$ cat run-v3.cif   # mmCIF, C-alpha atoms and all ligand atoms
data_work
#
loop_
_atom_site.label_atom_id
_atom_site.label_comp_id
_atom_site.auth_asym_id
_atom_site.auth_seq_id
_atom_site.Cartn_x
_atom_site.Cartn_y
_atom_site.Cartn_z
CA MET A 1 -11.65 15.27 -5.63
CA LYS A 2 -9.10 15.02 -8.49
CA TYR A 3 -5.71 16.72 -8.78
CA ALA A 4 -3.52 16.73 -11.89
CA VAL A 5 0.00 15.44 -11.28
CA ALA A 6 2.95 14.98 -13.61
CA GLY A 7 1.38 17.49 -15.97
CA THR A 8 -1.75 15.70 -17.04
CA THR A 9 -2.60 12.67 -14.92
CA GLY A 10 -5.67 13.28 -12.76
CA LEU A 11 -5.35 11.56 -9.41
CA PHE A 12 -8.42 10.92 -7.31
CA VAL A 13 -8.03 11.45 -3.58
CA ASP A 14 -10.37 10.83 -0.68
CA SER A 15 -9.48 13.51 1.86
CA ARG A 16 -11.27 13.64 5.21
CA GLY A 17 -10.77 14.95 8.76
CA THR A 18 -8.37 17.56 10.10
CA GLY A 19 -5.11 17.45 12.01
CA LEU A 20 -2.00 15.38 11.42
CA PRO A 21 -1.91 14.37 7.72
CA LEU A 22 -1.91 10.59 7.25
CA LEU A 23 -1.21 9.50 3.66
CA LEU A 24 -2.71 6.04 3.06
CA LEU A 25 -1.26 4.13 0.07
CA HIS A 26 -3.20 1.13 -1.18
CA GLY A 27 -1.95 -2.28 -2.32
CA PHE A 28 -2.09 -3.97 -5.73
CA PRO A 29 -4.48 -4.23 -7.54
CA LEU A 30 -6.83 -2.24 -5.30
CA ASP A 31 -7.71 1.40 -4.61
CA HIS A 32 -8.25 3.88 -1.77
CA SER A 33 -11.46 2.17 -0.64
CA MET A 34 -9.42 -0.65 0.91
CA TRP A 35 -8.84 1.86 3.75
CA SER A 36 -12.54 2.38 4.58
CA ALA A 37 -12.14 0.64 7.96
CA GLN A 38 -9.65 3.42 8.82
CA TRP A 39 -12.15 6.27 8.22
CA PRO A 40 -12.91 6.52 12.00
CA LEU A 41 -9.31 7.79 12.41
CA ALA A 42 -10.48 10.99 10.65
CA GLN A 43 -11.86 12.04 14.03
CA THR A 44 -8.30 12.92 15.05
CA MET A 45 -6.30 13.11 11.79
CA HIS A 46 -6.44 14.34 8.22
CA LEU A 47 -6.70 11.17 6.11
CA ILE A 48 -5.42 11.46 2.54
CA ALA A 49 -6.21 8.29 0.61
CA PRO A 50 -5.41 8.58 -3.11
CA ASP A 51 -5.93 6.12 -5.91
CA LEU A 52 -2.45 5.57 -7.36
CA ARG A 53 -2.21 6.35 -11.08
CA GLY A 54 -4.28 3.98 -13.19
CA PHE A 55 -6.10 2.51 -10.17
CA GLY A 56 -9.64 3.25 -8.97
CA GLN A 57 -10.80 6.64 -10.23
CA SER A 58 -7.33 7.95 -11.08
CA GLU A 59 -6.21 8.37 -14.65
CA ALA A 60 -3.19 6.80 -16.32
CA THR A 61 -2.41 9.28 -19.06
CA GLU A 62 1.04 7.77 -18.74
CA PRO A 63 1.11 4.22 -17.38
CA VAL A 64 2.68 3.07 -14.12
CA GLN A 65 6.44 2.86 -14.64
CA SER A 66 8.04 2.46 -11.25
CA MET A 67 7.54 2.71 -7.50
CA SER A 68 9.67 5.85 -7.60
CA GLN A 69 7.30 7.45 -10.15
CA LEU A 70 4.32 6.64 -7.89
CA ALA A 71 6.21 8.24 -4.97
CA SER A 72 6.83 11.40 -6.97
CA ASP A 73 3.11 11.46 -7.88
CA MET A 74 2.46 11.61 -4.12
CA ASP A 75 4.83 14.55 -3.74
CA SER A 76 2.96 16.42 -6.52
CA LEU A 77 -0.38 15.48 -4.99
CA LEU A 78 0.57 16.90 -1.57
CA MET A 79 1.88 20.02 -3.26
CA HIS A 80 -1.39 20.49 -5.17
CA MET A 81 -3.32 19.95 -1.94
CA GLY A 82 -1.22 22.66 -0.28
CA ILE A 83 0.11 20.27 2.39
CA GLU A 84 3.54 21.49 3.40
CA VAL A 85 3.87 19.99 6.89
CA PRO A 86 5.51 16.55 7.16
CA VAL A 87 3.00 13.72 6.82
CA VAL A 88 2.73 10.21 8.23
CA VAL A 89 3.11 7.87 5.25
CA CYS A 90 1.37 4.53 5.62
CA GLY A 91 1.46 1.98 2.80
CA LEU A 92 0.31 -1.60 2.54
CA SER A 93 2.23 -4.02 0.32
CA MET A 94 2.68 -2.19 -3.04
CA GLY A 95 1.67 0.96 -1.14
CA GLY A 96 4.50 0.08 1.27
CA TYR A 97 6.99 -0.07 -1.61
CA VAL A 98 5.81 3.40 -2.69
CA ALA A 99 6.00 4.63 0.93
CA GLN A 100 9.64 3.46 1.19
CA HIS A 101 10.55 5.36 -1.98
CA PHE A 102 8.67 8.42 -0.75
CA ALA A 103 10.54 8.37 2.58
CA VAL A 104 13.91 8.09 0.81
CA GLN A 105 13.13 10.60 -1.99
CA TYR A 106 11.41 13.24 0.17
CA PRO A 107 12.79 12.89 3.71
CA ASP A 108 11.66 16.40 4.69
CA ARG A 109 8.06 15.55 3.84
CA VAL A 110 7.86 12.60 6.27
CA ALA A 111 7.03 12.76 9.99
CA ALA A 112 6.73 9.00 10.44
CA LEU A 113 6.56 5.88 8.32
CA VAL A 114 4.13 2.96 8.64
CA LEU A 115 4.93 -0.12 6.56
CA VAL A 116 2.16 -2.68 6.47
CA ASP A 117 2.50 -6.24 5.09
CA THR A 118 5.29 -5.27 2.75
CA LYS A 119 9.00 -5.93 2.26
CA LEU A 120 12.26 -4.17 1.47
CA GLU A 121 13.66 -6.84 -0.85
CA ALA A 122 13.26 -6.86 -4.62
CA ASP A 123 11.48 -9.77 -6.32
CA SER A 124 13.33 -13.09 -6.48
CA PRO A 125 13.77 -14.56 -10.00
CA GLU A 126 10.88 -16.95 -9.21
CA ALA A 127 8.60 -14.10 -8.14
CA ARG A 128 9.47 -12.23 -11.37
CA GLU A 129 8.67 -15.31 -13.41
CA GLN A 130 5.34 -15.63 -11.59
CA ARG A 131 4.48 -12.03 -12.49
CA GLN A 132 5.38 -12.69 -16.14
CA LYS A 133 2.96 -15.63 -16.11
CA GLN A 134 0.23 -13.38 -14.67
CA ILE A 135 0.93 -10.78 -17.37
CA ARG A 136 0.54 -13.44 -20.08
CA VAL A 137 -2.78 -14.62 -18.61
CA ILE A 138 -4.11 -11.05 -18.32
CA GLU A 139 -3.06 -10.16 -21.87
CA HIS A 140 -4.76 -13.23 -23.33
CA HIS A 141 -7.76 -13.79 -21.07
CA GLY A 142 -8.17 -10.71 -18.86
CA VAL A 143 -7.96 -10.78 -15.05
CA GLU A 144 -10.94 -13.08 -14.42
CA PRO A 145 -8.96 -16.36 -14.32
CA LEU A 146 -6.74 -14.87 -11.57
CA VAL A 147 -9.31 -13.24 -9.29
CA ASP A 148 -10.08 -16.15 -6.94
CA ALA A 149 -6.44 -17.18 -6.57
CA VAL A 150 -5.34 -13.60 -5.84
CA VAL A 151 -8.01 -13.08 -3.17
CA GLU A 152 -7.17 -16.44 -1.60
CA ARG A 153 -3.63 -15.22 -0.98
CA LEU A 154 -4.68 -11.80 0.32
CA ILE A 155 -6.72 -12.83 3.35
CA THR A 156 -6.88 -15.85 5.64
CA SER A 157 -9.38 -18.59 4.80
CA ALA A 158 -11.15 -17.92 8.13
CA HIS A 159 -11.62 -14.24 7.26
CA ALA A 160 -12.81 -15.21 3.76
CA ARG A 161 -15.46 -17.45 5.36
CA GLU A 162 -16.47 -15.01 8.11
CA GLN A 163 -16.36 -11.77 6.11
CA PRO A 164 -17.93 -12.34 2.66
CA VAL A 165 -18.23 -8.55 2.28
CA LEU A 166 -14.44 -8.31 2.37
CA VAL A 167 -14.11 -10.94 -0.36
CA GLU A 168 -16.73 -9.16 -2.45
CA LEU A 169 -14.94 -5.82 -2.14
CA LEU A 170 -11.54 -7.29 -3.05
CA CYS A 171 -13.01 -9.09 -6.10
CA LYS A 172 -14.75 -5.89 -7.21
CA LEU A 173 -11.58 -3.80 -6.92
CA ILE A 174 -9.48 -6.35 -8.80
CA ARG A 175 -12.07 -6.73 -11.59
CA ARG A 176 -12.41 -3.02 -12.18
CA THR A 177 -8.67 -2.38 -12.60
CA SER A 178 -7.89 -1.96 -16.28
CA LYS A 179 -5.79 -4.50 -18.16
CA ALA A 180 -3.26 -1.76 -19.03
CA THR A 181 -2.77 -0.81 -15.36
CA LEU A 182 -2.56 -4.43 -14.21
CA VAL A 183 0.14 -5.16 -16.78
CA SER A 184 2.15 -1.95 -16.29
CA ALA A 185 2.01 -2.26 -12.49
CA LEU A 186 3.09 -5.92 -12.61
CA HIS A 187 6.12 -4.89 -14.70
CA ALA A 188 6.89 -2.10 -12.21
CA LEU A 189 6.55 -4.48 -9.26
CA ALA A 190 8.81 -7.06 -10.91
CA ASN A 191 11.46 -4.43 -11.67
CA ARG A 192 11.36 -2.55 -8.37
CA PRO A 193 14.76 -2.11 -6.76
CA ASP A 194 15.92 -3.68 -3.53
CA MET A 195 15.51 -1.07 -0.77
CA THR A 196 17.43 -2.81 2.02
CA GLU A 197 20.38 -0.40 1.83
CA ALA A 198 18.49 2.80 0.89
CA ILE A 199 16.07 2.37 3.79
CA GLY A 200 19.01 2.90 6.17
CA GLU A 201 18.69 6.62 5.34
CA VAL A 202 15.26 6.71 7.01
CA THR A 203 15.51 7.96 10.58
CA VAL A 204 11.91 8.96 11.33
CA PRO A 205 9.89 6.80 13.74
CA THR A 206 8.68 3.75 11.85
CA LEU A 207 5.95 1.24 12.62
CA LEU A 208 5.96 -2.16 10.94
CA VAL A 209 2.67 -4.06 10.94
CA VAL A 210 2.18 -7.58 9.61
CA GLY A 211 -0.45 -10.30 9.81
CA ARG A 212 0.99 -13.47 11.33
CA GLU A 213 -0.56 -15.54 8.52
CA ASP A 214 0.57 -13.25 5.69
CA VAL A 215 1.72 -15.56 2.86
CA ILE A 216 2.72 -12.79 0.41
CA THR A 217 5.06 -10.77 2.63
CA PRO A 218 5.48 -13.00 5.69
CA VAL A 219 6.61 -11.98 9.16
CA SER A 220 10.22 -12.81 8.21
CA CYS A 221 10.16 -9.85 5.75
CA MET A 222 9.27 -7.50 8.58
CA ASP A 223 11.87 -9.13 10.87
CA SER A 224 14.50 -8.21 8.30
CA ALA A 225 13.07 -4.66 7.96
CA MET A 226 13.35 -4.32 11.77
CA ARG A 227 17.08 -5.00 11.48
CA LYS A 228 17.53 -2.40 8.71
CA ILE A 229 15.44 0.53 9.97
CA SER A 230 17.06 2.35 12.87
CA ASN A 231 13.96 3.72 14.59
CA ALA A 232 11.43 0.94 14.07
CA ARG A 233 8.98 -1.02 16.17
CA MET A 234 6.84 -3.91 15.05
CA VAL A 235 3.34 -5.24 15.65
CA VAL A 236 2.37 -8.75 14.53
CA ILE A 237 -1.41 -9.26 14.30
CA PRO A 238 -2.52 -12.81 15.13
CA ASP A 239 -4.93 -14.77 12.88
CA CYS A 240 -4.51 -12.20 10.12
CA GLY A 241 -3.28 -12.38 6.53
CA HIS A 242 -1.79 -9.88 4.07
CA MET A 243 -4.58 -7.29 4.35
CA SER A 244 -4.20 -6.51 8.03
CA SER A 245 -5.83 -3.05 7.95
CA MET A 246 -8.94 -4.61 6.37
CA GLU A 247 -8.95 -7.98 8.12
CA SER A 248 -8.25 -6.76 11.66
CA PRO A 249 -9.14 -3.06 11.56
CA LEU A 250 -9.67 -2.59 15.30
CA ILE A 251 -6.24 -3.97 16.20
CA PHE A 252 -4.66 -2.14 13.26
CA ASN A 253 -6.23 1.23 14.12
CA ALA A 254 -5.29 0.86 17.79
CA ALA A 255 -1.67 -0.04 16.91
CA LEU A 256 -1.38 2.96 14.59
CA THR A 257 -2.93 5.35 17.11
CA THR A 258 -0.75 4.09 19.97
CA PHE A 259 2.37 4.45 17.80
CA LEU A 260 1.50 8.03 16.82
CA GLN A 261 0.81 8.88 20.47
CA GLU A 262 4.07 7.29 21.65
CA VAL A 263 6.14 9.27 19.15
CA GLY A 264 4.31 12.48 20.11
CA LEU A 265 2.58 13.15 16.79
CA ILE A 266 -0.94 13.05 18.28
CA SER A 267 -2.02 13.56 21.86
CA ALA A 268 -3.07 10.66 24.07
C1 LIG A 301 0.11 -6.04 -2.95
O1 LIG A 301 -0.67 -6.52 -2.13
O2 LIG A 301 0.23 -4.82 -3.13
C2 LIG A 301 0.93 -6.99 -3.79
O3 LIG A 301 0.69 -8.30 -3.39
C3 LIG A 301 2.37 -6.65 -3.73
C4 LIG A 301 3.25 -7.64 -4.46
O4 LIG A 301 2.73 -8.46 -5.24
O5 LIG A 301 4.47 -7.57 -4.28
#

$ encode --input "run-v3.cif" --output "C-alpha cells" --more "lines below"
Ligand code: MLT
Amino acid sequence: MKYAVAGTTGLFVDSRGTGLPLLLLHGFPLDHSMWSAQWPLAQTMHLIAPDLRGFGQSEATEPVQSMSQLASDMDSLLMHMGIEVPVVVCGLSMGGYVAQHFAVQYPDRVAALVLVDTKLEADSPEAREQRQKQIRVIEHHGVEPLVDAVVERLITSAHAREQPVLVELLCKLIRRTSKATLVSALHALANRPDMTEAIGEVTVPTLLVVGREDVITPVSCMDSAMRKISNARMVVIPDCGHMSSMESPLIFNAALTTFLQEVGLISA
C-alpha cells in the first residue's frame, strides 16, 4: 500500500495485524523487510512498517534531507492511515534517529519508544569524514565496492556464517537502494543533530535494545541513553551485532512483548 506524504512523495507501507499500533522504522540502507522476523507480533498488534522516503518501494520525489524530515513523513503517513491513537515507535539505528525526532516533534502521538542499536550523539568529525569517503566511492563507482564491508559491520561473523540468508537479504537491500538515496541519506546522517539534550523531553516508557557485539552503535551508546532518558530500561542481547531484531529475533520479540506488557500497553 502507498500513501502520498509531503504533497507528492508516495511512501510504501506494510501494514498488518490489529491492536496497538507499532511503527517499525528500518535502518540504513535497508527497507521495511528487515522487520520480517517481527511479523509474528501481528498476532497481537498492528504492525506499520514503512519504507522511508527513497528506500525500498517508496519514492523520493524530494530527496532525504534530515532525520526530522523523515519523522514528519511518519506523522503524515499515520494521518493518511487514519491512525490517531498514540503509537509505539520502534526504530533501529537510522530508524532510531528518526524515532527520537518523532518522539520529540510529536509527543502526543507516542505511547512508548523503542530504540534499537542506535545512539543519541551526533557524528564525530571522524565519522563524518568516513561518510564523505563513502559518498565519493558511491558517486564514482556505485555501492558495490562497499557492500561486503557494510554487511560485515552489521552482523556478527558467527551470524554471517550461520545465517547466509540474512547476509543475502542485507546485500540485496543495500544493492537495490538508489545512488541518489544513498548519497542524500549519508549527508543527512552526517548532519543529524545531537539529541542528548532534546531527548530529556521524552517521558513515555522507553526500551533500549542493543546487541552486545554491536560495533556501529556499541553498548556504551545505550548506557549513555539510559542516563538521559527518564523512563528507560535496557536489554543487552548476547552474541548479537548491530541488527539485533534480525540476528536474534526470538530474544528481541520477547523483550519487546515483555516491555509492552510491563508498561500496560498490551495484556499479558
Ligand atoms: C544504520 O544501521 O542505520 C546505520 O548504520 C546508521 C549510521 O550509520 O549511523

$ closest_residue --input "run-v3.cif" --among "A:Leu169, A:Ala180, A:Ile237, A:Met94" --to "ligand LIG 301 (chain A)" --atoms "all atoms listed in the file"
A:Met94

$ residues_near_ligand --input "run-v3.cif" --ligand "ligand LIG 301 (chain A)" --cutoff "8 Å" --atoms "all atoms listed in the file" --output "list of chain:residue names"
A:His26, A:Gly27, A:Phe28, A:Pro29, A:Leu30, A:Leu92, A:Ser93, A:Met94, A:Gly95, A:Gly96, A:Asp117, A:Thr118, A:Asp123, A:Leu154, A:Leu186, A:Leu189, A:Ala190, A:Ile216, A:Thr217, A:His242, A:Met243

$ residues_around --input "run-v3.cif" --residues "Leu115 of chain A" --least-positions-apart "3" --cutoff "6 Å" --atoms "all atoms listed in the file" --output "ChimeraX atom specification"
/A:90-91,96,208

$ closest_atom_pairs --input "run-v3.cif" --of "segment 34-125 of chain A" --to "segment 198-202 of chain A" --cutoff "10 Å" --atoms "only C-alpha atoms" --output "Markdown table"
| residue | atom | partner | partner_atom | distance |
| --- | --- | --- | --- | --- |
| A:Gln100 | CA | A:Ile199 | CA | 7.0 |
| A:His101 | CA | A:Ile199 | CA | 8.5 |
| A:Ala103 | CA | A:Val202 | CA | 6.7 |
| A:Val104 | CA | A:Val202 | CA | 6.5 |
| A:Gln105 | CA | A:Ala198 | CA | 9.9 |
| A:Pro107 | CA | A:Val202 | CA | 7.4 |
| A:Val110 | CA | A:Val202 | CA | 9.5 |
| A:Ala112 | CA | A:Val202 | CA | 9.5 |
| A:Leu113 | CA | A:Val202 | CA | 8.8 |
| A:Leu120 | CA | A:Ile199 | CA | 7.9 |

$ residues_around --input "run-v3.cif" --residues "segment 60-66 of chain A" --least-positions-apart "5" --cutoff "8 Å" --atoms "all atoms listed in the file" --output "compact mmCIF listing (two decimals) with C-alpha atoms, in the coordinates of the input"
# COMPACT_ATOMS: atom_id res chain seq x y z
CA THR A 8 -1.75 15.70 -17.04
CA THR A 9 -2.60 12.67 -14.92
CA GLY A 10 -5.67 13.28 -12.76
CA ARG A 53 -2.21 6.35 -11.08
CA GLY A 54 -4.28 3.98 -13.19
CA ALA A 180 -3.26 -1.76 -19.03
CA THR A 181 -2.77 -0.81 -15.36
CA SER A 184 2.15 -1.95 -16.29
CA ALA A 185 2.01 -2.26 -12.49
CA HIS A 187 6.12 -4.89 -14.70
CA ALA A 188 6.89 -2.10 -12.21
CA LEU A 189 6.55 -4.48 -9.26
CA ASN A 191 11.46 -4.43 -11.67
CA ARG A 192 11.36 -2.55 -8.37

$ residues_around --input "run-v3.cif" --residues "Glu144 of chain A" --least-positions-apart "3" --cutoff "12 Å" --atoms "only C-alpha atoms" --output "number ranges by chain"
A: 134, 137-141, 147-151, 171-179

$ atom_distance --input "run-v3.cif" --atom1 "atom CA of Ala99 of chain A" --atom2 "atom CA of Pro125 of chain A"
23.4 Å

$ residues_around --input "run-v3.cif" --residues "His159 of chain A" --least-positions-apart "5" --cutoff "10 Å" --atoms "all atoms listed in the file" --output "list in words"
Pro164, Leu166, Val167, Asp239, Cys240, Gly241, Glu247 and Ser248 of chain A

$ residues_around --input "run-v3.cif" --residues "Arg227 of chain A" --least-positions-apart "3" --cutoff "12 Å" --atoms "only C-alpha atoms" --output "ChimeraX atom specification"
/A:120,196-197,199-200,208,220-224,230-234

$ residues_near_point --input "run-v3.cif" --point "(-7.4, 1.8, -8.3)" --cutoff "6 Å" --atoms "only C-alpha atoms" --output "PyMOL selection string"
chain A and resi 30-31+51+55-56

$ write_last_selection --input "run-v3.cif" --atoms "C-alpha atoms" --output "PDB file, in the coordinates of the input"
ATOM      1  CA  LEU A  30      -6.830  -2.240  -5.300  1.00  0.00           C
ATOM      2  CA  ASP A  31      -7.710   1.400  -4.610  1.00  0.00           C
ATOM      3  CA  ASP A  51      -5.930   6.120  -5.910  1.00  0.00           C
ATOM      4  CA  PHE A  55      -6.100   2.510 -10.170  1.00  0.00           C
ATOM      5  CA  GLY A  56      -9.640   3.250  -8.970  1.00  0.00           C
TER       6      GLY A  56
END

$ atom_distance --input "run-v3.cif" --atom1 "atom CA of Ala268 of chain A" --atom2 "atom CA of Arg212 of chain A"
27.6 Å

$ closest_residue --input "run-v3.cif" --among "A:Ala122, A:Val116, A:Val219, A:Val98" --to "Leu207 of chain A" --atoms "all atoms listed in the file"
A:Val116

$ atom_distance --input "run-v3.cif" --atom1 "atom CA of Asp73 of chain A" --atom2 "atom CA of Arg153 of chain A"
28.4 Å

$ closest_residue --input "run-v3.cif" --among "A:Pro40, A:Pro193, A:Gly142, A:Pro238" --to "Thr156 of chain A" --atoms "only C-alpha atoms"
A:Pro238
